[in-house]
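Visitor: My structure is in target_31.cif, and what it holds is mmCIF, C-alpha atoms:
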data_structure
#
loop_
_atom_site.label_atom_id
_atom_site.label_comp_id
_atom_site.auth_asym_id
_atom_site.auth_seq_id
_atom_site.Cartn_x
_atom_site.Cartn_y
_atom_site.Cartn_z
CA MET A 1 -20.39 5.21 28.63
CA PHE A 2 -22.78 8.16 28.92
CA ASP A 3 -22.24 9.57 25.45
CA ILE A 4 -22.58 7.63 22.21
CA ASN A 5 -20.00 9.97 20.61
CA PHE A 6 -17.26 8.47 22.72
CA GLU A 7 -18.08 5.01 21.41
CA VAL A 8 -18.90 5.61 17.77
CA LEU A 9 -16.22 8.19 16.93
CA PRO A 10 -13.25 6.02 17.99
CA LYS A 11 -14.76 3.13 16.08
CA ALA A 12 -15.05 5.29 12.98
CA MET A 13 -11.45 6.42 13.48
CA ASP A 14 -10.38 2.78 13.73
CA ALA A 15 -12.17 2.13 10.43
CA SER A 16 -10.33 5.04 8.84
CA LEU A 17 -7.01 3.77 10.21
CA LYS A 18 -7.60 0.30 8.81
CA LYS A 19 -8.40 1.85 5.45
CA GLN A 20 -5.16 3.81 5.56
CA GLN A 21 -3.22 0.58 6.13
CA THR A 22 -4.98 -1.08 3.21
CA ILE A 23 -4.15 1.85 0.94
CA ALA A 24 -0.52 1.74 2.13
CA GLN A 25 -0.36 -1.97 1.32
CA ASN A 26 -1.85 -1.42 -2.15
CA ILE A 27 0.57 1.40 -2.96
CA ALA A 28 3.59 -0.51 -1.60
CA ASN A 29 2.69 -3.39 -3.92
CA TYR A 30 2.24 -1.18 -6.97
CA ASN A 31 4.99 -3.06 -8.81
CA THR A 32 4.33 -6.58 -7.48
CA PRO A 33 3.28 -8.91 -10.30
CA ASN A 34 -0.13 -10.56 -9.88
CA TYR A 35 -0.91 -8.51 -6.77
CA LYS A 36 -4.61 -7.79 -6.44
CA ARG A 37 -5.79 -4.71 -4.59
CA LYS A 38 -7.25 -5.17 -1.13
CA THR A 39 -10.28 -3.38 0.21
CA VAL A 40 -11.68 -3.25 3.72
CA ALA A 41 -15.44 -3.04 4.27
CA PHE A 42 -15.13 -1.56 7.78
CA GLU A 43 -17.01 1.65 6.98
CA GLU A 44 -19.86 -0.12 5.19
CA GLU A 45 -20.25 -2.63 8.02
CA LEU A 46 -20.16 0.13 10.61
CA SER A 47 -22.82 2.14 8.83
CA LYS A 48 -24.96 -1.00 8.55
CA ALA A 49 -24.51 -1.75 12.25
CA LEU A 50 -25.50 1.79 13.18
CA GLY A 51 -28.70 1.38 11.15
CA ASP A 52 -27.99 4.13 8.65
CA ASN A 53 -29.52 2.16 5.79
CA ASN A 54 -33.18 1.27 5.47
CA GLU A 55 -32.83 -2.37 6.35
CA LEU A 56 -35.53 -4.14 8.34
CA LYS A 57 -34.19 -4.82 11.83
CA LEU A 58 -35.24 -7.54 14.23
CA LYS A 59 -36.39 -6.06 17.50
CA THR A 60 -34.23 -7.07 20.42
CA THR A 61 -34.32 -6.17 24.06
CA LYS A 62 -31.18 -8.01 25.12
CA ASP A 63 -27.74 -8.37 23.58
CA ARG A 64 -28.08 -12.13 23.35
CA HIS A 65 -31.31 -12.06 21.38
CA LEU A 66 -31.33 -13.26 17.80
CA ASN A 67 -30.26 -10.34 15.66
CA ASN A 68 -29.82 -9.80 11.94
CA THR A 69 -27.44 -6.85 12.26
CA LEU A 70 -24.18 -6.88 14.12
CA SER A 71 -23.71 -4.55 17.07
CA TYR A 72 -21.35 -1.72 16.07
CA LYS A 73 -19.08 -2.75 18.94
CA LYS A 74 -18.37 -6.03 17.19
CA VAL A 75 -17.63 -4.69 13.72
CA GLN A 76 -14.15 -5.83 12.72
CA GLY A 77 -13.75 -4.87 9.08
CA GLU A 78 -13.19 -7.79 6.77
CA VAL A 79 -10.35 -7.58 4.26
CA LYS A 80 -11.39 -8.47 0.74
CA THR A 81 -9.32 -8.97 -2.35
CA GLN A 82 -10.64 -7.53 -5.56
CA ASP A 83 -9.41 -10.09 -8.08
CA ASN A 84 -11.84 -9.72 -10.95
CA THR A 85 -10.08 -6.83 -12.66
CA SER A 86 -6.69 -6.37 -14.24
CA LEU A 87 -5.04 -3.10 -15.09
CA ARG A 88 -1.69 -4.08 -16.53
CA ASN A 89 -0.03 -6.95 -18.36
CA ASP A 90 1.58 -8.30 -15.18
CA GLY A 91 -1.81 -9.03 -13.58
CA ASN A 92 -1.56 -6.22 -11.05
CA ASN A 93 -4.74 -4.17 -10.62
CA VAL A 94 -3.60 -1.27 -8.42
CA ASP A 95 -4.76 2.05 -9.87
CA ILE A 96 -2.30 4.45 -8.27
CA ASP A 97 -4.40 7.57 -8.93
CA ALA A 98 -7.50 6.03 -7.37
CA GLU A 99 -5.48 4.92 -4.34
CA VAL A 100 -3.93 8.34 -3.81
CA SER A 101 -7.30 10.09 -4.09
CA ASP A 102 -8.79 7.54 -1.64
CA MET A 103 -5.90 8.25 0.69
CA VAL A 104 -6.43 12.03 0.60
CA GLN A 105 -10.14 11.60 1.31
CA ASN A 106 -9.42 9.18 4.11
CA THR A 107 -6.89 11.48 5.76
CA LEU A 108 -9.30 14.40 5.67
CA LYS A 109 -12.00 12.20 7.13
CA TYR A 110 -9.74 11.04 9.95
CA ASN A 111 -8.71 14.61 10.73
CA GLY A 112 -12.37 15.63 10.72
CA LEU A 113 -13.30 12.80 13.06
CA SER A 114 -10.60 13.73 15.53
CA ARG A 115 -11.85 17.31 15.37
CA MET A 116 -15.35 16.06 16.19
CA MET A 117 -13.90 14.10 19.09
CA THR A 118 -12.40 17.33 20.42
CA TYR A 119 -15.75 19.10 20.13
CA ALA A 120 -17.47 16.21 21.89
CA ILE A 121 -15.04 16.59 24.79
CA ASN A 122 -15.23 20.38 24.83
CA ARG A 123 -19.02 20.30 25.10
CA TYR A 124 -18.65 18.79 28.56
CA GLY A 125 -16.14 21.44 29.50
CA THR A 126 -18.59 24.13 28.44
CA ALA A 127 -21.40 22.53 30.42
CA ILE A 128 -19.21 22.25 33.52
CA ARG A 129 -17.94 25.81 33.32
CA SER A 130 -21.33 27.43 32.66
CA VAL A 131 -22.67 26.25 36.04
CA ARG A 132 -20.29 28.50 37.92
CA MET B 133 -4.21 1.85 17.94
CA MET B 134 -0.92 3.71 17.91
CA GLU B 135 0.74 0.62 16.58
CA GLY B 136 -1.85 0.60 13.80
CA LEU B 137 -0.87 4.02 12.57
CA PHE B 138 2.83 3.29 12.67
CA LYS B 139 2.09 0.12 10.76
CA SER B 140 0.94 2.05 7.72
CA ILE B 141 4.18 4.03 7.91
CA ASN B 142 6.15 0.77 8.09
CA ILE B 143 4.27 -0.64 5.10
CA SER B 144 5.05 2.44 3.04
CA SER B 145 8.69 2.46 4.05
CA SER B 146 9.00 -1.18 2.94
CA GLY B 147 7.55 -0.04 -0.39
CA MET B 148 10.05 2.81 -0.58
CA SER B 149 13.05 0.60 0.10
CA ALA B 150 11.86 -1.97 -2.45
CA GLU B 151 11.46 0.73 -5.10
CA ARG B 152 14.84 2.20 -4.24
CA PHE B 153 16.38 -1.24 -4.65
CA ARG B 154 14.72 -1.53 -8.05
CA LEU B 155 16.09 1.87 -9.01
CA ASN B 156 19.58 0.68 -8.02
CA ILE B 157 19.25 -2.33 -10.32
CA ILE B 158 17.97 -0.10 -13.13
CA SER B 159 21.00 2.17 -12.81
CA GLN B 160 23.24 -0.93 -12.76
CA ASN B 161 21.61 -2.03 -16.04
CA LEU B 162 22.06 1.39 -17.62
CA ALA B 163 25.65 1.72 -16.41
CA ASN B 164 26.47 -1.63 -17.98
CA SER B 165 24.64 -1.10 -21.24
CA ASP B 166 27.96 -1.30 -23.13
CA THR B 167 29.76 -3.91 -20.99
CA THR B 168 30.93 -6.66 -23.34
CA ARG B 169 32.90 -8.66 -20.81
CA THR B 170 31.88 -9.83 -17.33
CA GLU B 171 33.42 -12.30 -14.90
CA ASN B 172 32.06 -15.36 -16.73
CA GLY B 173 33.26 -14.05 -20.11
CA ASP B 174 29.80 -13.23 -21.47
CA PRO B 175 28.47 -9.73 -22.05
CA TYR B 176 26.40 -8.17 -19.25
CA ARG B 177 22.90 -9.57 -18.88
CA ARG B 178 20.05 -7.27 -17.92
CA LYS B 179 18.85 -7.85 -14.35
CA ILE B 180 15.20 -7.81 -13.32
CA VAL B 181 13.91 -7.37 -9.76
CA THR B 182 10.74 -9.18 -8.71
CA PHE B 183 8.63 -8.10 -5.76
CA GLN B 184 6.48 -10.12 -3.42
CA GLU B 185 3.69 -9.09 -1.07
CA VAL B 186 4.31 -9.61 2.66
CA LEU B 187 1.41 -10.82 4.79
CA ASN B 188 1.86 -11.69 8.44
CA GLY B 189 -0.52 -13.71 10.52
CA GLU B 190 -1.03 -16.94 12.35
CA ILE B 191 -0.28 -20.16 10.54
CA GLY B 192 -3.41 -21.89 9.27
CA LYS B 193 -5.57 -18.79 9.37
CA SER B 194 -6.13 -16.46 6.46
CA LYS B 195 -3.40 -13.86 6.62
CA THR B 196 -4.76 -10.34 6.88
CA ASP B 197 -1.99 -8.56 8.76
CA PHE B 198 -0.38 -6.35 6.14
CA GLY B 199 3.40 -6.26 6.07
CA GLY B 200 4.08 -4.35 2.87
CA VAL B 201 6.35 -5.62 0.12
CA LYS B 202 9.75 -7.26 -0.18
CA VAL B 203 12.25 -7.96 -2.91
CA ASN B 204 11.72 -11.56 -3.91
CA SER B 205 14.60 -12.20 -6.31
CA ILE B 206 16.96 -10.70 -8.84
CA GLN B 207 16.69 -12.59 -12.10
CA GLU B 208 18.56 -12.27 -15.35
CA ASP B 209 16.87 -11.43 -18.61
CA THR B 210 17.37 -14.49 -20.83
CA SER B 211 16.69 -12.71 -24.10
CA PRO B 212 19.57 -13.03 -26.67
CA PHE B 213 22.46 -10.57 -26.88
CA LYS B 214 22.51 -7.99 -29.63
CA LEU B 215 25.07 -8.63 -32.38
CA VAL B 216 26.84 -5.50 -33.62
CA TYR B 217 29.32 -5.51 -36.52
CA ASN B 218 32.50 -3.88 -35.23
CA PRO B 219 35.67 -5.77 -36.35
CA GLU B 220 38.04 -3.40 -34.48
CA HIS B 221 36.53 -4.26 -31.11
CA PRO B 222 38.75 -6.49 -28.91
CA ASP B 223 35.79 -8.76 -28.12
CA ALA B 224 34.72 -9.25 -31.76
CA ASN B 225 34.41 -12.85 -33.01
CA GLU B 226 35.96 -14.23 -36.22
CA GLU B 227 33.26 -12.69 -38.41
CA GLY B 228 33.75 -9.26 -36.79
CA TYR B 229 30.57 -9.26 -34.71
CA VAL B 230 30.51 -8.12 -31.08
CA ARG B 231 27.91 -9.47 -28.66
CA MET B 232 26.41 -6.47 -26.84
CA PRO B 233 24.35 -6.61 -23.60
CA ASN B 234 20.60 -7.19 -23.90
CA VAL B 235 19.89 -3.88 -22.14
CA ASN B 236 17.31 -1.70 -23.83
CA ALA B 237 17.65 1.90 -22.66
CA LEU B 238 13.99 2.64 -23.45
CA ASN B 239 12.76 -0.19 -21.21
CA GLU B 240 15.03 0.94 -18.41
CA MET B 241 13.81 4.54 -18.62
CA VAL B 242 10.18 3.41 -18.45
CA ASP B 243 10.96 1.17 -15.47
CA MET B 244 12.78 4.06 -13.85
CA MET B 245 9.77 6.36 -14.19
CA SER B 246 7.50 3.67 -12.80
CA ALA B 247 9.80 3.11 -9.82
CA GLN B 248 10.01 6.83 -9.20
CA ARG B 249 6.23 7.30 -9.29
CA ALA B 250 5.73 4.41 -6.90
CA TYR B 251 8.39 5.82 -4.58
CA ASP B 252 6.68 9.23 -4.57
CA SER B 253 3.29 7.66 -3.85
CA ASN B 254 4.70 5.75 -0.88
CA ALA B 255 6.20 8.96 0.46
CA ALA B 256 2.79 10.64 0.09
CA VAL B 257 1.20 7.87 2.16
CA ILE B 258 3.74 8.44 4.93
CA ASN B 259 2.96 12.15 4.91
CA SER B 260 -0.76 11.57 5.16
CA ALA B 261 -0.33 8.99 7.96
CA LYS B 262 1.77 11.58 9.75
CA SER B 263 -0.99 14.17 9.45
CA MET B 264 -3.47 11.62 10.84
CA TYR B 265 -1.17 10.91 13.74
CA ASN B 266 -0.81 14.62 14.47
CA SER B 267 -4.56 15.16 14.49
CA ALA B 268 -4.99 12.21 16.87
CA ILE B 269 -2.41 13.75 19.22
CA ASN B 270 -4.35 17.02 19.20
CA ILE B 271 -7.66 15.51 20.29
CA GLY B 272 -8.98 17.53 23.20
CA LYS B 273 -7.00 20.67 22.46
#
Any chance you could put this one into structure tokens?
Guide:
Amino acid sequence: MFDINFEVLPKAMDASLKKQQTIAQNIANYNTPNYKRKTVAFEEELSKALGDNNELKLKTTKDRHLNNTLSYKKVQGEVKTQDNTSLRNDGNNVDIDAEVSDMVQNTLKYNGLSRMMTYAINRYGTAIRSVR
Amino acid sequence: MMEGLFKSINISSSGMSAERFRLNIISQNLANSDTTRTENGDPYRRKIVTFQEVLNGEIGKSKTDFGGVKVNSIQEDTSPFKLVYNPEHPDANEEGYVRMPNVNALNEMVDMMSAQRAYDSNAAVINSAKSMYNSAINIGK
């Protein structure tokens, strides 16, 4: 498409949605013995794919060239289980306060992203109207 | 994508119904904390609910499709009954001792608070998913 906003913003919203599901799963299993909290590395992978960190990139001119970073279009978000900690006697390691604060942050982020999506659309409307 | 957002609501509602079920069992335990006679003749035994995580996905692959939580089983607490000296009680044995249920009100209250907190947290997740859904609807306005 002509604007990178329309590709990256939905991807970031997908990442946020996946995170919301992970938080929901962790909170739903708050009282499940031996449950270990799940995390999803979607956001980290996306930021890596967009080249936000200072990693050395291989130069490519075609999609099929050998590449050391994934294209942001292919980022899936791998689910990981954090099983090296324990919070309670029953082996469960869900910290409810941390999950709720993650959830609040994530919701605000999603709402902000959808706001940005609106602005990205409205910019075109402004450009179209100002010609008249 | 829509399905994805409703999924987190479904996960949380499975958590809410599991916690509600646990609360029902806790109130059953508390209601029967003085029951000295049940159908099999023994005093009431404390019941414990166990939960299990639900993961959907294709067989053979690692399951990453979250499905929430479900009630796995209701088990009975096998700890011994309390013996209380009360010779006037109809269920007292020859020495005058009555076997009382192994329900500890303190444990039940703590479990109740834990179930309630978990229930509230699940409800909060539903609210926040709802706000996300609303903001997605309003894109472009």
Visitor: Just so the selection is clear, what residues does the PyMOL selection byres ((chain A) within 9 of (chain B)) cover here, as a VMD selection string?
Guide: chain A and resid 14 17 to 18 20 to 33 35 78 to 79 96 100 103 to 104 107 to 108 110 to 112 114 to 122
Visitor: Could you jot down the CA of Ser16 (chain A) to CA of Leu46 (chain A) separation for me, Å, one decimal place?
Guide: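 Straight-line distance from CA of Ser16 (chain A) to CA of Leu46 (chain A) works out to 11.1 Å.
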Visitor: Excluding Pro175 (chain B) and residues on its chain fewer than 4 positions from it, collect all residues at most 8 Å away from it, counting all atoms listed in the file, and give them as JSON, numbers by chain.
Guide: {"B": [167, 168, 169, 170, 213, 231, 232, 233]}
Visitor: Report, in Å with one decimal, the straight-line distance from CA of Gln82 (chain A) to CA of Ser47 (chain A).
Guide: 21.2 Å
Visitor: Applied to the shown file, which residues does the PyMOL selection byres ((chain A and resi 5-8) around 9) return, written as a PDB file with C-alpha atoms, in the frame of the given file?
Guide:
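What ended up in result32.pdb:
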ATOM      1  CA  MET A   1     -20.390   5.210  28.630  1.00  0.00           C
ATOM      2  CA  PHE A   2     -22.780   8.160  28.920  1.00  0.00           C
ATOM      3  CA  ASP A   3     -22.240   9.570  25.450  1.00  0.00           C
ATOM      4  CA  ILE A   4     -22.580   7.630  22.210  1.00  0.00           C
ATOM      5  CA  LEU A   9     -16.220   8.190  16.930  1.00  0.00           C
ATOM      6  CA  PRO A  10     -13.250   6.020  17.990  1.00  0.00           C
ATOM      7  CA  LYS A  11     -14.760   3.130  16.080  1.00  0.00           C
ATOM      8  CA  ALA A  12     -15.050   5.290  12.980  1.00  0.00           C
ATOM      9  CA  MET A  13     -11.450   6.420  13.480  1.00  0.00           C
ATOM     10  CA  LEU A  50     -25.500   1.790  13.180  1.00  0.00           C
ATOM     11  CA  TYR A  72     -21.350  -1.720  16.070  1.00  0.00           C
ATOM     12  CA  LYS A  73     -19.080  -2.750  18.940  1.00  0.00           C
ATOM     13  CA  MET A 116     -15.350  16.060  16.190  1.00  0.00           C
ATOM     14  CA  MET A 117     -13.900  14.100  19.090  1.00  0.00           C
ATOM     15  CA  ALA A 120     -17.470  16.210  21.890  1.00  0.00           C
ATOM     16  CA  ILE A 121     -15.040  16.590  24.790  1.00  0.00           C
TER      17      ILE A 121
END
Visitor: Provide the CA of Lys38 (chain A) to CA of Thr81 (chain A) distance in Å, to one decimal place.
Guide: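 One can read the CA of Lys38 (chain A) to CA of Thr81 (chain A) distance as 4.5 Å.
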Visitor: Determine, counting all atoms listed in the file, which protein, DNA and RNA residues have an atom within 9 Å of an atom of Thr210 (chain B); residues of the same chain fewer than 6 positions away are not included. Present the result as a PyMOL selection string.
Guide: chain B and resi 177-178+234
Visitor: Taking only C-alpha atoms into account, which of B:Asn172, B:Asn188, B:Ser165, B:Asn156 comes nearest Lys214 (chain B)?
Guide: B:Ser165
Visitor: Excluding Asn161 (chain B) and residues on its chain fewer than 5 positions from it, collect all residues at most 8 Å away from it, counting all atoms listed in the file, and give them as a PyMOL selection string.
Guide: chain B and resi 178-179+235+240
Visitor: Mind writing the picked residues with C-alpha atoms as a CSV table (one decimal), in the frame of the given file?
Guide:
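Resulting contents of part.csv:
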chain,number,residue,atom,x,y,z
B,178,ARG,CA,20.0,-7.3,-17.9
B,179,LYS,CA,18.8,-7.8,-14.4
B,235,VAL,CA,19.9,-3.9,-22.1
B,240,GLU,CA,15.0,0.9,-18.4
